[in-house]
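**Student:** Input: one structure, supplied below.
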Amino acid sequence: MEEVRLNDQEQARRDKLAKYAELGVDPFGSRYEWKDQIRDLRAKYGEKTEEELAAEPIACNIAGRIMIIRSMGKAAFFTVKDEYGTIQIWIGKNVVGDDNYAIFKLADTGDIVGIEGTMMKSRTGELTIKCAKFTHITKCLKPLPEKFHGFTDLEDRSRKRYLDLMVNDESRRIALARPAIIRAIQKYCDDLGFVEVETSILSPILGGAAARPFITHHNALDKDFYLRIATELNLKKCMVGGIDRVYEIGRIFRNEGMDNRHNPEFTTIELYQAYGDLRSMMEWVEGLFHTVAKNVMGKEVFHWHGQDIDVSKPFASISMAEAVKNACGVDFTQEIPFEEAVKLAKEHNVPLQKSWNSTGYIMQAFFDEFVEPTLVQPTFIHTYPIEVSPLTKKTEDPRFVDRFELFIAGCEFGNAYSELNNPFDQLERFEAQLAARERGDDEANDMDMTFLDALLYGMPPAGGIGVGIDRFVMLMTEQDTIREVLLFPTLKDDK
């Protein structure tokens, strides 16, 4: 371990290590048997009176971290925090004995300890454990953040999440809410007959989404692989194989920027329903929001990005072309030649890219500029241009495909298709993606010959959707930045 300069408090804590040895105590402990969680003790005994607790002594045994110590010579009050709560402890030399009290006197905030005792109420009526035996388990060698100034800087908290979880109850609440939300998502899917699978993170081709990849090298094969940017194509192969309702919750990797809504690695659920379509996915995702909000969070209105978001009502639905027309008057349901679309974009100050060669790209750009930021309550934007949706069935108008994205507070939450299962059409879409790459679009898909081969065996018509778990958790826990819902987000180097 690199030698560091210690401050007075750190040195004082280290000086105590020899004193523990003199008392026959291992400062870094070993196995400890405990039986009670603090939240359970509070739930069972918090409302009992001092007399009730004294009349029938209730034994308890907890383990946790000391957060506050108030010493009074031969007695002390201190607070212990475990995974789900805090409780006050009273310890007296005349109760635990000289030897045990000597061990306690070496304690500092942050130490991990075990407490055996009985339940009581303090003079102020606070639920308290009267300590009968104090066990030192692990020494904390650095002082905890100062109580009144706290540990509040987001950058520091993200880098030292262990300390953040230790001292900030809200961070711990979010950390524990996330797995509960994911379990509820799984139960919702399982109850509807969907099967959860796991697919490969390493991929020999770039496919399933428009994104820049991370690239790694497989030494044994002497070949580059991509960290997956989506789980889509492998899940569709599962449908070809006969798993009619399939989903995966897993990590996705995209070599792109970082901000309040984006992290280079993130978690999604992708789900496919054979014999379904876009309408099936609308029903599924509305049900998901309603079910998790009620069953896990206990409410259906969330304050997020300065807005009150209500997920209890049916979600709004509008086509992209109609939404653009309502916002700025440009009507993309009409045939607009590419040159005219470019002219309209320049007139409306809509950014253009050199790789674009057809009107659909520009329609998407108009939406991004004029519509997306205005969508506050849950809204399905459907009927997308074919150019930006290479894996989706066409509508009756071949310029458009049967796709929606779900937006809340100007943020995309889900992307759904009536899945393309025509192998000849799919081949043409892949070829168009390769042409886009030649024109400089580094997010265009590769040609996936294994997927095309699978389609030749027949994939049932299906609805498919991907939902970002991190953003879903952000909404459910009312957090405005993705870093708050990731235990260990990607960060710039600490200078």
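Chain identifiers are assigned as A, B, and so on, following the order in which chains appear in the structure tokens; residues are numbered from 1 within each chain, and ligands are numbered from 1 in order of appearance.
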Neighbours of Ala321 in chain A within 10 Å (only C-alpha atoms; same-chain residues fewer than 3 positions away dropped), as a short mmCIF file (atom, residue, chain, number, x, y, z; two decimals) with N, CA and C atoms, in the first residue's frame?

**Tutor:**
```
data_model
loop_
_atom_site.label_atom_id
_atom_site.label_comp_id
_atom_site.auth_asym_id
_atom_site.auth_seq_id
_atom_site.Cartn_x
_atom_site.Cartn_y
_atom_site.Cartn_z
N ILE A 318 -48.88 9.96 -30.98
CA ILE A 318 -48.94 10.82 -32.16
C ILE A 318 -47.84 10.42 -33.13
N VAL A 324 -44.25 16.94 -35.86
CA VAL A 324 -43.41 17.96 -36.49
C VAL A 324 -44.26 19.06 -37.10
N LYS A 325 -45.32 18.67 -37.79
CA LYS A 325 -46.21 19.66 -38.41
C LYS A 325 -46.83 20.57 -37.36
N ASN A 326 -47.26 20.00 -36.24
CA ASN A 326 -47.85 20.81 -35.17
C ASN A 326 -46.84 21.78 -34.57
N ALA A 327 -45.56 21.37 -34.56
CA ALA A 327 -44.53 22.18 -33.91
C ALA A 327 -44.00 23.31 -34.78
N VAL A 330 -44.01 22.23 -40.93
CA VAL A 330 -43.49 21.45 -42.07
C VAL A 330 -44.17 20.09 -42.08
N ASP A 331 -44.76 19.72 -43.23
CA ASP A 331 -45.59 18.52 -43.32
C ASP A 331 -44.86 17.42 -44.08
N PHE A 332 -44.27 16.48 -43.34
CA PHE A 332 -43.50 15.40 -43.97
C PHE A 332 -44.40 14.24 -44.40
N THR A 333 -45.70 14.34 -44.18
CA THR A 333 -46.58 13.32 -44.78
C THR A 333 -46.66 13.53 -46.29
N GLN A 334 -46.36 14.72 -46.74
CA GLN A 334 -46.31 15.03 -48.17
C GLN A 334 -44.96 14.59 -48.74
N MET A 363 -36.38 14.60 -41.66
CA MET A 363 -37.59 14.56 -40.84
C MET A 363 -37.23 14.23 -39.39
N GLN A 364 -36.36 13.26 -39.19
CA GLN A 364 -35.91 12.91 -37.84
C GLN A 364 -35.23 14.10 -37.19
N PHE A 366 -35.74 17.31 -37.77
CA PHE A 366 -36.77 18.28 -37.39
C PHE A 366 -37.42 17.88 -36.07
N PHE A 367 -37.70 16.58 -35.93
CA PHE A 367 -38.30 16.09 -34.68
C PHE A 367 -37.37 16.35 -33.50
N ILE A 381 -44.29 8.43 -29.75
CA ILE A 381 -44.10 9.00 -31.09
C ILE A 381 -43.95 7.82 -32.04
N HIS A 382 -44.88 7.70 -33.00
CA HIS A 382 -44.87 6.51 -33.86
C HIS A 382 -44.73 6.90 -35.34
N THR A 383 -44.54 5.88 -36.18
CA THR A 383 -44.43 6.00 -37.64
C THR A 383 -43.18 6.82 -38.00
N TYR A 384 -42.05 6.12 -38.02
CA TYR A 384 -40.74 6.73 -38.25
C TYR A 384 -40.31 6.58 -39.71
N PRO A 385 -39.41 7.45 -40.18
CA PRO A 385 -38.87 7.28 -41.54
C PRO A 385 -38.04 6.00 -41.64
N PHE A 400 -42.24 5.00 -44.54
CA PHE A 400 -42.29 4.96 -43.08
C PHE A 400 -42.37 3.52 -42.57
#
```

**Student:** Please list as a PyMOL selection string every residue within 12 Å of Asp26 in chain A, counting only C-alpha atoms and excluding residues in the same chain fewer than 6 positions away.

**Tutor:** chain A and resi 16-20+103+135-139

**Student:** For each of A:His348, A:Tyr226, A:Leu144, A:Thr481, take the minimum atom-to-atom distance to Asp446 in chain A, counting only C-alpha atoms, then give the residue where this is smallest.

**Tutor:**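 Checking each of A:His348, A:Tyr226, A:Leu144, A:Thr481 against Asp446 in chain A, counting only C-alpha atoms, the winner is A:Tyr226.
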
**Student:** Using DSSP on the backbone coordinates, identify the residues of range 82-150 of chain A assigned to strand (DSSP E or B); present them as a VMD selection string.

**Tutor:** chain A and resid 82 85 to 92 112 to 121 127 to 138

**Student:** Show me, as a PyMOL selection string, the residues that have an atom within 9 Å of Pro489 in chain A when counting only C-alpha atoms, minus same-chain residues fewer than 3 positions from it.

**Tutor:** chain A and resi 158-159+263-265+482-486

**Student:** Just want the 10 Å neighbourhood of Phe289 in chain A, counted on only C-alpha atoms, with same-chain residues fewer than 5 positions away dropped. Output as a list in words.

**Tutor:**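 Here the answer would be Ile185, Trp284, Lys294, Glu300, Val311, Ser312, Phe472 and Met476 of chain A.
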
**Student:** Can those selected residues be exported to a file as a tab-separated table (two decimals), in the first residue's frame so that it contains N, CA and C atoms?

**Tutor:**
```tsv
chain	number	residue	atom	x	y	z
A	185	ILE	N	-39.67	-5.76	-12.50
A	185	ILE	CA	-39.74	-5.86	-13.97
A	185	ILE	C	-39.72	-7.32	-14.39
A	284	TRP	N	-47.71	-3.43	-23.37
A	284	TRP	CA	-46.72	-3.98	-22.44
A	284	TRP	C	-46.03	-2.87	-21.65
A	294	LYS	N	-46.73	1.35	-8.87
A	294	LYS	CA	-47.63	1.04	-7.75
A	294	LYS	C	-47.02	0.03	-6.78
A	300	GLU	N	-47.85	6.89	-8.39
A	300	GLU	CA	-47.80	6.94	-9.86
A	300	GLU	C	-47.58	8.35	-10.39
A	311	VAL	N	-47.85	8.66	-14.49
A	311	VAL	CA	-47.82	7.44	-15.30
A	311	VAL	C	-49.09	6.61	-15.11
A	312	SER	N	-50.08	7.16	-14.41
A	312	SER	CA	-51.31	6.40	-14.15
A	312	SER	C	-52.28	6.46	-15.32
A	472	PHE	N	-35.34	4.50	-16.40
A	472	PHE	CA	-36.54	4.06	-15.70
A	472	PHE	C	-36.36	4.22	-14.19
A	476	MET	N	-38.35	6.60	-11.42
A	476	MET	CA	-38.99	5.99	-10.26
A	476	MET	C	-38.42	6.52	-8.94
```

**Student:** If I take CA of Lys299 in chain A and CA of Lys313 in chain A, how far is one from the other in Å, to one decimal?

**Tutor:**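 For CA of Lys299 in chain A relative to CA of Lys313 in chain A, the distance reads 12.6 Å.
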
**Student:** Given only C-alpha atoms as the basis, pick out the residue of A:Phe430, A:Tyr84, A:Phe78, A:Tyr247 nearest to Ala43 in chain A.

**Tutor:**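 Looking at the shortest contact to Ala43 in chain A, the residue is A:Tyr84.
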
**Student:** Between CA of Tyr272 in chain A and CA of Glu248 in chain A, what is the distance, to one decimal in Å?

**Tutor:** 9.5 Å

**Student:** Find the distance between CA of Val301 in chain A and CA of Phe404 in chain A and write it in Å to one decimal.

**Tutor:** 23.2 Å

**Student:** For Pro213 in chain A, which residue among A:Ala230, A:Lys343, A:Lys236, A:Thr199 is the nearest when counting only C-alpha atoms?

**Tutor:**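 Of A:Ala230, A:Lys343, A:Lys236, A:Thr199, the one nearest Pro213 in chain A, counting only C-alpha atoms, is A:Ala230.
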